[in-house]
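> My questions all concern the structure below.
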Amino acid sequence: MKVLVLPGDGIGQEVTESAVTVLKEVAPGIELAYGLIGGSAYEEAGNPLPDETITKVDACDAVLMGAVGGEKWDNLEHNLRPEAGLLRIRQVMGVYANLRPARIFRPLLVASTLKEEVIDGVDMIIVRELIGGIYFGEPRGIDRLEDGTYRGYNTLIYTTAEIERIARQAFAIALGRRKKLTSVDKANVLESSRLWRNVVDGVSKDFPDVSLEHMYVDNCAMQIIREPRQFDVVVTQNLFGDILSDEASMITGSLGMLPSASIGDKQALYEPVHGSAPDIAGKDIANPIGAILSVAMMLRYSFGMTDASRRVEDAVDRVLAKGIRTKDISYGAQEVVGTKRMTEYIVQEIREGN
Ligand code: IPM
Ligand code: MG
């Protein structure tokens, strides 16, 4: 069991340190290596995903990533920006299924901008296709026209094979939960979505115990706010998943809490949903819980260590129930703590919960 740690930029550094502390606590047998990604990799190696990092990725079972990006690198050429490193590592690792859970932490109900009676009990997971669709489709570009103006374009493309593998993942996940799958598309307008719908229908025959519904993306965006409890597992294409997962994260009112897993056939990548937050970097105030819960996902999905995974999740729940909070979730707190102290509290709960 080998894990490559890529802290990246901004608060990525601090929160991965917390996550690694927790990982060492519950799974001391896991071997760790470190590498560079994002803006900090650009600074040191002139590339947001250096070859050296790719070599290390090849040698590991799972990657634990922090976050990438920062204003400092915003004006770099497109393929040198930190985000390009992120997109490339997803592609290199072949992690096509991005799992983004949005579940309510009861002690934080008041943190959401939505009404408590609407969100209490929400427990959904968005399964986003991650290495296809309009993010990677060719042709793409900005062409200069004869009159001196420009034409920018991208290609939204999905093949049967790409849809089938993500659909299978989503059905399998639904099978282990409340057995309801919502496939989100725009089949009333897009051919790629019509194919998506057909292929998902086909895969559903292999999962008779899962109830499948199809929903247009605009309606889904509305339903997530109107009645989020109706969702169990949502499966959708790359761009729709990018947007809907940000929307769903706000049900919980706390981006800093949310983990994610990106799964491929051989390897997986784990990272908190939040970004690098350069404005609060290095101040020991970032919320490490998203990164710590990403470790819990890693233990479950990459190493089958369900018990260890649950110990981490339970410890987080207990710390929150005691009113211990970082600044971003300080509403109603008993005690507001920094990144390091929060991590110590969680480790302590893991030990005591043993
Ligand atoms: C995400 C982010 C990335 C994406 C960006 C930073 C490239 O928004 O992980 O959701 O669009 O996939
Ligand atoms: Mg996004």
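Going through the structure tokens in order, the chains are called A, B, and so on, while each chain numbers its residues from 1 and the ligands are numbered from 1 in the order shown.
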Using DSSP on the backbone, list every residue of region 72-236 of chain A that comes out as strand (DSSP E or B), and give them as a PyMOL selection string.
chain A and resi 97-103+123-129+141-144+150-153+180-185+211-216+233-236
> Residues near Ala167 (chain A), anyone? I mean within 9 Å using only C-alpha atoms, not counting same-chain ones fewer than 5 positions away, as a list of chain:residue names.
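Near Ala167 (chain A), the qualifying residues are A:Val127, A:Glu162, A:Ala172, A:Ser183, A:Val199, A:Val200, A:Val203, A:Ser204, A:Val235, A:Thr236.
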> I'd like a table as CSV: residues in chain A with an atom no more than 8 Å from ligand 2, each row giving the shortest atom pair and its distance in Å to one decimal, only C-alpha atoms and all ligand atoms counted, sorted by chain and rising residue number.

residue,atom,partner,partner_atom_place_in_ligand_line,distance
A:Asp242,CA,ligand 2,1 (Mg),4.5
A:Ile243,CA,ligand 2,1 (Mg),6.3
A:Ser245,CA,ligand 2,1 (Mg),7.2
A:Asp246,CA,ligand 2,1 (Mg),6.3
A:Val273,CA,ligand 2,1 (Mg),8.0
> Keeping only all heavy atoms, write those residues as a compact mmCIF listing (two decimals), in the first residue's frame.

# COMPACT_ATOMS: atom_id res chain seq x y z
N ASP A 242 -19.20 19.21 -12.48
CA ASP A 242 -18.41 20.30 -11.90
C ASP A 242 -19.35 21.32 -11.26
O ASP A 242 -19.17 21.73 -10.11
CB ASP A 242 -17.57 20.95 -13.00
CG ASP A 242 -16.75 22.12 -12.48
OD1 ASP A 242 -16.11 21.97 -11.42
OD2 ASP A 242 -16.76 23.18 -13.14
N ILE A 243 -20.37 21.69 -12.00
CA ILE A 243 -21.27 22.74 -11.55
C ILE A 243 -22.19 22.24 -10.43
O ILE A 243 -22.32 22.87 -9.38
CB ILE A 243 -22.10 23.27 -12.75
CG1 ILE A 243 -21.16 23.86 -13.80
CG2 ILE A 243 -23.13 24.29 -12.27
CD1 ILE A 243 -21.80 24.11 -15.15
N SER A 245 -21.84 19.80 -8.39
CA SER A 245 -21.19 19.44 -7.13
C SER A 245 -20.86 20.68 -6.30
O SER A 245 -20.90 20.64 -5.07
CB SER A 245 -19.96 18.57 -7.35
OG SER A 245 -18.97 19.24 -8.09
N ASP A 246 -20.54 21.78 -6.95
CA ASP A 246 -20.37 23.03 -6.18
C ASP A 246 -21.71 23.45 -5.58
O ASP A 246 -21.78 23.87 -4.42
CB ASP A 246 -19.85 24.17 -7.08
CG ASP A 246 -18.34 24.32 -7.00
OD1 ASP A 246 -17.65 23.29 -6.77
OD2 ASP A 246 -17.83 25.45 -7.16
N VAL A 273 -12.67 18.97 -1.54
CA VAL A 273 -13.34 19.69 -2.61
C VAL A 273 -12.90 21.17 -2.66
O VAL A 273 -12.85 21.78 -3.72
CB VAL A 273 -14.88 19.60 -2.43
CG1 VAL A 273 -15.62 20.56 -3.35
CG2 VAL A 273 -15.36 18.17 -2.70
> Show me, as a PyMOL selection string, the residues that have an atom within 8 Å of Leu293 (chain A) when counting only C-alpha atoms, minus same-chain residues fewer than 3 positions from it.
chain A and resi 257-259+272+289-290+296-297+312-313
> Export C-alpha atoms of the chosen residues as an mmCIF file, in the first residue's frame?

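The resulting selection.cif:
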data_model
loop_
_atom_site.group_PDB
_atom_site.id
_atom_site.type_symbol
_atom_site.label_atom_id
_atom_site.label_comp_id
_atom_site.auth_asym_id
_atom_site.auth_seq_id
_atom_site.Cartn_x
_atom_site.Cartn_y
_atom_site.Cartn_z
ATOM 1 C CA MET A 257 -15.798 19.788 5.188
ATOM 2 C CA LEU A 258 -16.155 17.973 1.915
ATOM 3 C CA PRO A 259 -13.906 15.188 0.628
ATOM 4 C CA PRO A 272 -10.759 17.891 -0.478
ATOM 5 C CA ILE A 289 -11.704 18.162 7.794
ATOM 6 C CA GLY A 290 -12.216 17.949 4.006
ATOM 7 C CA ALA A 296 -11.381 8.164 5.126
ATOM 8 C CA MET A 297 -12.525 7.752 1.515
ATOM 9 C CA VAL A 312 -11.961 8.605 11.108
ATOM 10 C CA GLU A 313 -15.492 9.654 10.136
#
> I need the residue nearest Leu190 (chain A) from this list: A:Pro208, A:Ala170, A:Thr149, A:Ile157. Use only C-alpha atoms for the distance.
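Smallest distance to Leu190 (chain A) is found for A:Ile157.
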> Using DSSP on the backbone, list every residue of region 89-189 of chain A that comes out as alpha helix (DSSP H), and give them as a PDB file with N, CA, C and O atoms, in the first residue's frame.

ATOM      1  N   ILE A  89      -3.089  15.294 -14.222  1.00  0.00           N
ATOM      2  CA  ILE A  89      -2.901  14.126 -13.325  1.00  0.00           C
ATOM      3  C   ILE A  89      -4.141  13.234 -13.348  1.00  0.00           C
ATOM      4  O   ILE A  89      -4.053  12.008 -13.320  1.00  0.00           O
ATOM      5  N   ARG A  90      -5.329  13.849 -13.468  1.00  0.00           N
ATOM      6  CA  ARG A  90      -6.548  13.043 -13.576  1.00  0.00           C
ATOM      7  C   ARG A  90      -6.466  12.143 -14.811  1.00  0.00           C
ATOM      8  O   ARG A  90      -6.818  10.970 -14.770  1.00  0.00           O
ATOM      9  N   GLN A  91      -5.997  12.741 -15.904  1.00  0.00           N
ATOM     10  CA  GLN A  91      -5.917  12.012 -17.158  1.00  0.00           C
ATOM     11  C   GLN A  91      -4.841  10.925 -17.112  1.00  0.00           C
ATOM     12  O   GLN A  91      -5.090   9.780 -17.503  1.00  0.00           O
ATOM     13  N   VAL A  92      -3.667  11.297 -16.590  1.00  0.00           N
ATOM     14  CA  VAL A  92      -2.563  10.337 -16.499  1.00  0.00           C
ATOM     15  C   VAL A  92      -2.969   9.131 -15.654  1.00  0.00           C
ATOM     16  O   VAL A  92      -2.650   7.990 -15.971  1.00  0.00           O
ATOM     17  N   MET A  93      -3.692   9.399 -14.568  1.00  0.00           N
ATOM     18  CA  MET A  93      -4.089   8.308 -13.668  1.00  0.00           C
ATOM     19  C   MET A  93      -5.321   7.561 -14.177  1.00  0.00           C
ATOM     20  O   MET A  93      -5.664   6.503 -13.655  1.00  0.00           O
ATOM     21  N   GLU A 116     -33.221  24.740   7.532  1.00  0.00           N
ATOM     22  CA  GLU A 116     -32.931  23.461   8.195  1.00  0.00           C
ATOM     23  C   GLU A 116     -33.894  22.367   7.792  1.00  0.00           C
ATOM     24  O   GLU A 116     -33.502  21.226   7.571  1.00  0.00           O
ATOM     25  N   GLU A 117     -35.198  22.711   7.710  1.00  0.00           N
ATOM     26  CA  GLU A 117     -36.181  21.652   7.421  1.00  0.00           C
ATOM     27  C   GLU A 117     -36.051  21.121   5.993  1.00  0.00           C
ATOM     28  O   GLU A 117     -36.539  20.048   5.673  1.00  0.00           O
ATOM     29  N   VAL A 118     -35.365  21.855   5.134  1.00  0.00           N
ATOM     30  CA  VAL A 118     -35.144  21.377   3.768  1.00  0.00           C
ATOM     31  C   VAL A 118     -33.915  20.460   3.693  1.00  0.00           C
ATOM     32  O   VAL A 118     -33.876  19.490   2.937  1.00  0.00           O
ATOM     33  N   ILE A 119     -32.916  20.762   4.508  1.00  0.00           N
ATOM     34  CA  ILE A 119     -31.632  20.063   4.333  1.00  0.00           C
ATOM     35  C   ILE A 119     -31.349  18.986   5.373  1.00  0.00           C
ATOM     36  O   ILE A 119     -30.456  18.163   5.168  1.00  0.00           O
ATOM     37  N   THR A 160     -19.650   5.352 -26.147  1.00  0.00           N
ATOM     38  CA  THR A 160     -20.374   4.324 -25.395  1.00  0.00           C
ATOM     39  C   THR A 160     -19.523   3.816 -24.231  1.00  0.00           C
ATOM     40  O   THR A 160     -20.002   3.707 -23.104  1.00  0.00           O
ATOM     41  N   ALA A 161     -18.256   3.523 -24.513  1.00  0.00           N
ATOM     42  CA  ALA A 161     -17.389   2.941 -23.479  1.00  0.00           C
ATOM     43  C   ALA A 161     -17.214   3.893 -22.294  1.00  0.00           C
ATOM     44  O   ALA A 161     -17.237   3.470 -21.130  1.00  0.00           O
ATOM     45  N   GLU A 162     -17.049   5.162 -22.589  1.00  0.00           N
ATOM     46  CA  GLU A 162     -16.869   6.142 -21.510  1.00  0.00           C
ATOM     47  C   GLU A 162     -18.117   6.251 -20.635  1.00  0.00           C
ATOM     48  O   GLU A 162     -18.035   6.402 -19.412  1.00  0.00           O
ATOM     49  N   ILE A 163     -19.269   6.217 -21.276  1.00  0.00           N
ATOM     50  CA  ILE A 163     -20.516   6.342 -20.514  1.00  0.00           C
ATOM     51  C   ILE A 163     -20.772   5.071 -19.708  1.00  0.00           C
ATOM     52  O   ILE A 163     -21.167   5.116 -18.540  1.00  0.00           O
ATOM     53  N   GLU A 164     -20.474   3.943 -20.344  1.00  0.00           N
ATOM     54  CA  GLU A 164     -20.754   2.677 -19.693  1.00  0.00           C
ATOM     55  C   GLU A 164     -19.968   2.499 -18.401  1.00  0.00           C
ATOM     56  O   GLU A 164     -20.513   2.094 -17.367  1.00  0.00           O
ATOM     57  N   ARG A 165     -18.677   2.842 -18.426  1.00  0.00           N
ATOM     58  CA  ARG A 165     -17.874   2.600 -17.215  1.00  0.00           C
ATOM     59  C   ARG A 165     -18.286   3.516 -16.065  1.00  0.00           C
ATOM     60  O   ARG A 165     -18.331   3.090 -14.912  1.00  0.00           O
ATOM     61  N   ILE A 166     -18.629   4.758 -16.370  1.00  0.00           N
ATOM     62  CA  ILE A 166     -19.047   5.656 -15.281  1.00  0.00           C
ATOM     63  C   ILE A 166     -20.433   5.237 -14.763  1.00  0.00           C
ATOM     64  O   ILE A 166     -20.709   5.272 -13.565  1.00  0.00           O
ATOM     65  N   ALA A 167     -21.283   4.792 -15.681  1.00  0.00           N
ATOM     66  CA  ALA A 167     -22.613   4.337 -15.257  1.00  0.00           C
ATOM     67  C   ALA A 167     -22.487   3.125 -14.335  1.00  0.00           C
ATOM     68  O   ALA A 167     -23.155   3.046 -13.297  1.00  0.00           O
ATOM     69  N   ARG A 168     -21.620   2.199 -14.696  1.00  0.00           N
ATOM     70  CA  ARG A 168     -21.425   1.007 -13.847  1.00  0.00           C
ATOM     71  C   ARG A 168     -20.971   1.381 -12.447  1.00  0.00           C
ATOM     72  O   ARG A 168     -21.470   0.853 -11.455  1.00  0.00           O
ATOM     73  N   GLN A 169     -20.003   2.281 -12.364  1.00  0.00           N
ATOM     74  CA  GLN A 169     -19.545   2.756 -11.054  1.00  0.00           C
ATOM     75  C   GLN A 169     -20.715   3.312 -10.249  1.00  0.00           C
ATOM     76  O   GLN A 169     -20.877   3.016  -9.073  1.00  0.00           O
ATOM     77  N   ALA A 170     -21.506   4.159 -10.916  1.00  0.00           N
ATOM     78  CA  ALA A 170     -22.593   4.842 -10.214  1.00  0.00           C
ATOM     79  C   ALA A 170     -23.658   3.847  -9.735  1.00  0.00           C
ATOM     80  O   ALA A 170     -24.134   3.931  -8.598  1.00  0.00           O
ATOM     81  N   PHE A 171     -24.005   2.879 -10.590  1.00  0.00           N
ATOM     82  CA  PHE A 171     -24.975   1.866 -10.177  1.00  0.00           C
ATOM     83  C   PHE A 171     -24.436   1.061  -8.993  1.00  0.00           C
ATOM     84  O   PHE A 171     -25.161   0.774  -8.039  1.00  0.00           O
ATOM     85  N   ALA A 172     -23.147   0.709  -9.066  1.00  0.00           N
ATOM     86  CA  ALA A 172     -22.553  -0.091  -7.984  1.00  0.00           C
ATOM     87  C   ALA A 172     -22.584   0.692  -6.673  1.00  0.00           C
ATOM     88  O   ALA A 172     -22.870   0.137  -5.609  1.00  0.00           O
ATOM     89  N   ILE A 173     -22.304   1.975  -6.740  1.00  0.00           N
ATOM     90  CA  ILE A 173     -22.333   2.804  -5.532  1.00  0.00           C
ATOM     91  C   ILE A 173     -23.764   2.894  -4.993  1.00  0.00           C
ATOM     92  O   ILE A 173     -24.008   2.759  -3.797  1.00  0.00           O
ATOM     93  N   ALA A 174     -24.724   3.078  -5.895  1.00  0.00           N
ATOM     94  CA  ALA A 174     -26.128   3.171  -5.477  1.00  0.00           C
ATOM     95  C   ALA A 174     -26.569   1.871  -4.794  1.00  0.00           C
ATOM     96  O   ALA A 174     -27.330   1.894  -3.821  1.00  0.00           O
ATOM     97  N   LEU A 175     -26.072   0.763  -5.304  1.00  0.00           N
ATOM     98  CA  LEU A 175     -26.422  -0.546  -4.752  1.00  0.00           C
ATOM     99  C   LEU A 175     -26.007  -0.651  -3.283  1.00  0.00           C
ATOM    100  O   LEU A 175     -26.686  -1.285  -2.481  1.00  0.00           O
TER     101      LEU A 175
END
> Please provide as a list in words all residues within 6 Å of region 332-348 of chain A, with the sequence filter that same-chain residues fewer than 3 positions apart are discarded (counting only C-alpha atoms).
Ser18, Asp284, Ile285, Ala286, Asn287, Pro288, Ala315, Gly323, Ile324, Arg325, Thr326 and Arg351 of chain A
> Mind dumping the selected residues with all heavy atoms as a compact mmCIF listing (two decimals), in the first residue's frame?

# COMPACT_ATOMS: atom_id res chain seq x y z
N SER A 18 -2.28 17.64 7.97
CA SER A 18 -3.27 17.11 8.91
C SER A 18 -3.75 15.73 8.48
O SER A 18 -3.85 14.81 9.28
CB SER A 18 -4.48 18.05 8.98
OG SER A 18 -4.11 19.31 9.46
N ASP A 284 -2.57 28.83 9.79
CA ASP A 284 -3.09 27.82 10.71
C ASP A 284 -4.57 28.06 11.05
O ASP A 284 -5.00 27.86 12.18
CB ASP A 284 -2.24 27.79 12.01
CG ASP A 284 -2.56 26.57 12.89
OD1 ASP A 284 -2.74 25.47 12.33
OD2 ASP A 284 -2.67 26.74 14.12
N ILE A 285 -5.36 28.49 10.05
CA ILE A 285 -6.80 28.63 10.32
C ILE A 285 -7.66 27.79 9.37
O ILE A 285 -8.86 27.71 9.52
CB ILE A 285 -7.28 30.11 10.26
CG1 ILE A 285 -6.91 30.75 8.92
CG2 ILE A 285 -6.75 30.91 11.42
CD1 ILE A 285 -7.44 32.18 8.77
N ALA A 286 -7.03 27.16 8.38
CA ALA A 286 -7.80 26.37 7.40
C ALA A 286 -8.46 25.17 8.07
O ALA A 286 -7.93 24.61 9.03
CB ALA A 286 -6.88 25.90 6.28
N ASN A 287 -9.61 24.79 7.55
CA ASN A 287 -10.33 23.62 8.05
C ASN A 287 -9.72 22.35 7.43
O ASN A 287 -9.79 22.17 6.22
CB ASN A 287 -11.81 23.75 7.66
CG ASN A 287 -12.66 22.65 8.24
OD1 ASN A 287 -12.16 21.67 8.77
ND2 ASN A 287 -13.98 22.83 8.14
N PRO A 288 -9.15 21.47 8.24
CA PRO A 288 -8.51 20.26 7.69
C PRO A 288 -9.48 19.11 7.46
O PRO A 288 -9.09 18.05 6.99
CB PRO A 288 -7.51 19.89 8.78
CG PRO A 288 -8.17 20.30 10.05
CD PRO A 288 -8.99 21.54 9.72
N ALA A 315 -14.83 9.98 14.42
CA ALA A 315 -14.06 10.93 15.23
C ALA A 315 -14.39 12.37 14.82
O ALA A 315 -14.57 13.25 15.67
CB ALA A 315 -12.57 10.66 15.09
N GLY A 323 -18.72 20.77 19.65
CA GLY A 323 -18.68 22.21 19.42
C GLY A 323 -17.29 22.74 19.09
O GLY A 323 -17.04 23.94 19.13
N ILE A 324 -16.38 21.84 18.77
CA ILE A 324 -15.04 22.27 18.39
C ILE A 324 -15.05 22.59 16.89
O ILE A 324 -15.45 21.75 16.07
CB ILE A 324 -14.01 21.17 18.70
CG1 ILE A 324 -14.00 20.91 20.21
CG2 ILE A 324 -12.62 21.56 18.21
CD1 ILE A 324 -13.42 19.58 20.60
N ARG A 325 -14.65 23.79 16.53
CA ARG A 325 -14.79 24.25 15.15
C ARG A 325 -13.58 25.04 14.70
O ARG A 325 -12.96 25.74 15.50
CB ARG A 325 -16.01 25.18 15.02
CG ARG A 325 -17.31 24.64 15.50
CD ARG A 325 -17.84 23.57 14.56
NE ARG A 325 -18.75 22.68 15.26
CZ ARG A 325 -19.99 22.99 15.59
NH1 ARG A 325 -20.49 24.14 15.23
NH2 ARG A 325 -20.74 22.15 16.24
N THR A 326 -13.34 24.99 13.39
CA THR A 326 -12.41 25.95 12.80
C THR A 326 -13.21 27.21 12.47
O THR A 326 -14.44 27.22 12.53
CB THR A 326 -11.75 25.39 11.53
OG1 THR A 326 -12.76 24.74 10.75
CG2 THR A 326 -10.63 24.42 11.86
N ARG A 351 -8.23 7.90 18.95
CA ARG A 351 -7.63 7.04 19.98
C ARG A 351 -8.66 6.63 21.03
O ARG A 351 -8.76 5.48 21.41
CB ARG A 351 -6.49 7.78 20.68
CG ARG A 351 -5.29 7.87 19.78
CD ARG A 351 -4.09 8.51 20.45
NE ARG A 351 -3.05 8.68 19.44
CZ ARG A 351 -2.09 9.58 19.50
NH1 ARG A 351 -2.00 10.41 20.52
NH2 ARG A 351 -1.19 9.65 18.52
> Compare A:Ala33, A:Leu49, A:Ile280, A:Ile131 by their minimum atom-to-atom distance to Val15 (chain A), counting only C-alpha atoms, and give me the closest one.
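Under the stated criterion, the closest residue is A:Ile280.
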> Tell me which of A:Leu23, A:Ala97, A:Ala67, A:Ile37 sits closest to ligand 1, counting only C-alpha atoms and all ligand atoms.
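Smallest separation from ligand 1 among the options: A:Ala67.
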> Which is closer to Ala281 (chain A) than all the others in A:Ala19, A:Val68, A:Val3, A:Val26, using only C-alpha atoms?
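Closest candidate: A:Val68.
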> Skipping near chain neighbours, those fewer than 2 positions away, what residues fall within 12 Å of Tyr42 (chain A) using only C-alpha atoms, listed as an MDAnalysis selection string?
chainID A and resid 8:9 36:40 44:51 53 68:70 72:73 76:77 79:85
> Kindly save the residues from that selection, with N, CA and C atoms included, as a PDB file, in the first residue's frame.

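Wrote selection20.pdb, looks like this:
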ATOM      1  N   GLY A   8       0.608  20.437  -2.931  1.00  0.00           N
ATOM      2  CA  GLY A   8       0.193  21.504  -3.845  1.00  0.00           C
ATOM      3  C   GLY A   8       0.401  22.893  -3.270  1.00  0.00           C
ATOM      4  N   ASP A   9      -0.607  23.747  -3.461  1.00  0.00           N
ATOM      5  CA  ASP A   9      -0.459  25.178  -3.153  1.00  0.00           C
ATOM      6  C   ASP A   9      -1.336  25.626  -1.983  1.00  0.00           C
ATOM      7  N   LEU A  36       5.544  16.972  -6.164  1.00  0.00           N
ATOM      8  CA  LEU A  36       5.139  18.350  -6.455  1.00  0.00           C
ATOM      9  C   LEU A  36       4.003  18.394  -7.466  1.00  0.00           C
ATOM     10  N   ILE A  37       3.094  19.345  -7.253  1.00  0.00           N
ATOM     11  CA  ILE A  37       2.048  19.610  -8.242  1.00  0.00           C
ATOM     12  C   ILE A  37       1.606  21.069  -8.116  1.00  0.00           C
ATOM     13  N   GLY A  38       1.070  21.614  -9.204  1.00  0.00           N
ATOM     14  CA  GLY A  38       0.471  22.950  -9.156  1.00  0.00           C
ATOM     15  C   GLY A  38       1.486  24.074  -9.283  1.00  0.00           C
ATOM     16  N   GLY A  39       1.129  25.220  -8.729  1.00  0.00           N
ATOM     17  CA  GLY A  39       1.987  26.395  -8.819  1.00  0.00           C
ATOM     18  C   GLY A  39       3.342  26.181  -8.171  1.00  0.00           C
ATOM     19  N   SER A  40       3.355  25.464  -7.057  1.00  0.00           N
ATOM     20  CA  SER A  40       4.635  25.228  -6.378  1.00  0.00           C
ATOM     21  C   SER A  40       5.532  24.334  -7.239  1.00  0.00           C
ATOM     22  N   GLU A  44       9.319  25.302  -8.909  1.00  0.00           N
ATOM     23  CA  GLU A  44      10.537  24.496  -8.756  1.00  0.00           C
ATOM     24  C   GLU A  44      10.978  23.793 -10.025  1.00  0.00           C
ATOM     25  N   ALA A  45      10.010  23.421 -10.854  1.00  0.00           N
ATOM     26  CA  ALA A  45      10.368  22.586 -12.008  1.00  0.00           C
ATOM     27  C   ALA A  45       9.870  23.150 -13.336  1.00  0.00           C
ATOM     28  N   GLY A  46       9.209  24.312 -13.304  1.00  0.00           N
ATOM     29  CA  GLY A  46       8.745  24.935 -14.542  1.00  0.00           C
ATOM     30  C   GLY A  46       7.567  24.235 -15.185  1.00  0.00           C
ATOM     31  N   ASN A  47       6.874  23.396 -14.410  1.00  0.00           N
ATOM     32  CA  ASN A  47       5.787  22.588 -14.956  1.00  0.00           C
ATOM     33  C   ASN A  47       4.823  22.241 -13.815  1.00  0.00           C
ATOM     34  N   PRO A  48       3.501  22.445 -14.016  1.00  0.00           N
ATOM     35  CA  PRO A  48       2.572  22.151 -12.917  1.00  0.00           C
ATOM     36  C   PRO A  48       2.414  20.649 -12.632  1.00  0.00           C
ATOM     37  N   LEU A  49       2.880  19.804 -13.542  1.00  0.00           N
ATOM     38  CA  LEU A  49       2.935  18.365 -13.257  1.00  0.00           C
ATOM     39  C   LEU A  49       4.246  17.815 -13.836  1.00  0.00           C
ATOM     40  N   PRO A  50       5.343  17.952 -13.095  1.00  0.00           N
ATOM     41  CA  PRO A  50       6.654  17.544 -13.608  1.00  0.00           C
ATOM     42  C   PRO A  50       6.730  16.038 -13.868  1.00  0.00           C
ATOM     43  N   ASP A  51       7.605  15.645 -14.782  1.00  0.00           N
ATOM     44  CA  ASP A  51       7.798  14.221 -15.096  1.00  0.00           C
ATOM     45  C   ASP A  51       8.121  13.406 -13.849  1.00  0.00           C
ATOM     46  N   THR A  53       7.051  13.818 -10.926  1.00  0.00           N
ATOM     47  CA  THR A  53       5.806  13.499 -10.206  1.00  0.00           C
ATOM     48  C   THR A  53       5.072  12.352 -10.907  1.00  0.00           C
ATOM     49  N   VAL A  68      -4.593  23.036  -5.634  1.00  0.00           N
ATOM     50  CA  VAL A  68      -3.668  23.782  -6.492  1.00  0.00           C
ATOM     51  C   VAL A  68      -4.274  25.129  -6.879  1.00  0.00           C
ATOM     52  N   GLY A  69      -3.395  26.064  -7.206  1.00  0.00           N
ATOM     53  CA  GLY A  69      -3.850  27.346  -7.736  1.00  0.00           C
ATOM     54  C   GLY A  69      -3.499  28.523  -6.843  1.00  0.00           C
ATOM     55  N   GLY A  70      -3.555  29.694  -7.442  1.00  0.00           N
ATOM     56  CA  GLY A  70      -3.265  30.933  -6.733  1.00  0.00           C
ATOM     57  C   GLY A  70      -3.120  32.057  -7.744  1.00  0.00           C
ATOM     58  N   LYS A  72      -1.098  34.277  -8.144  1.00  0.00           N
ATOM     59  CA  LYS A  72       0.274  34.410  -8.621  1.00  0.00           C
ATOM     60  C   LYS A  72       0.493  33.761  -9.992  1.00  0.00           C
ATOM     61  N   TRP A  73      -0.236  32.673 -10.251  1.00  0.00           N
ATOM     62  CA  TRP A  73      -0.013  31.920 -11.493  1.00  0.00           C
ATOM     63  C   TRP A  73      -1.159  32.095 -12.493  1.00  0.00           C
ATOM     64  N   LEU A  76      -0.282  32.876 -16.260  1.00  0.00           N
ATOM     65  CA  LEU A  76       0.580  31.980 -17.035  1.00  0.00           C
ATOM     66  C   LEU A  76      -0.178  31.445 -18.245  1.00  0.00           C
ATOM     67  N   GLU A  77       0.570  30.995 -19.200  1.00  0.00           N
ATOM     68  CA  GLU A  77       0.006  30.334 -20.374  1.00  0.00           C
ATOM     69  C   GLU A  77      -0.865  29.149 -19.908  1.00  0.00           C
ATOM     70  N   ASN A  79      -1.451  26.042 -20.458  1.00  0.00           N
ATOM     71  CA  ASN A  79      -0.987  24.705 -20.055  1.00  0.00           C
ATOM     72  C   ASN A  79       0.100  24.719 -18.981  1.00  0.00           C
ATOM     73  N   LEU A  80       0.433  25.909 -18.487  1.00  0.00           N
ATOM     74  CA  LEU A  80       1.389  25.990 -17.380  1.00  0.00           C
ATOM     75  C   LEU A  80       0.693  26.348 -16.067  1.00  0.00           C
ATOM     76  N   ARG A  81      -0.588  26.663 -16.176  1.00  0.00           N
ATOM     77  CA  ARG A  81      -1.326  27.036 -14.966  1.00  0.00           C
ATOM     78  C   ARG A  81      -1.491  25.821 -14.050  1.00  0.00           C
ATOM     79  N   PRO A  82      -1.593  26.072 -12.737  1.00  0.00           N
ATOM     80  CA  PRO A  82      -1.764  24.971 -11.782  1.00  0.00           C
ATOM     81  C   PRO A  82      -2.931  24.047 -12.140  1.00  0.00           C
ATOM     82  N   GLU A  83      -4.033  24.615 -12.619  1.00  0.00           N
ATOM     83  CA  GLU A  83      -5.214  23.809 -12.975  1.00  0.00           C
ATOM     84  C   GLU A  83      -4.886  22.792 -14.072  1.00  0.00           C
ATOM     85  N   ALA A  84      -3.942  23.174 -14.957  1.00  0.00           N
ATOM     86  CA  ALA A  84      -3.556  22.246 -16.019  1.00  0.00           C
ATOM     87  C   ALA A  84      -2.892  21.013 -15.411  1.00  0.00           C
ATOM     88  N   GLY A  85      -2.132  21.213 -14.332  1.00  0.00           N
ATOM     89  CA  GLY A  85      -1.504  20.085 -13.638  1.00  0.00           C
ATOM     90  C   GLY A  85      -2.546  19.147 -13.064  1.00  0.00           C
TER      91      GLY A  85
END
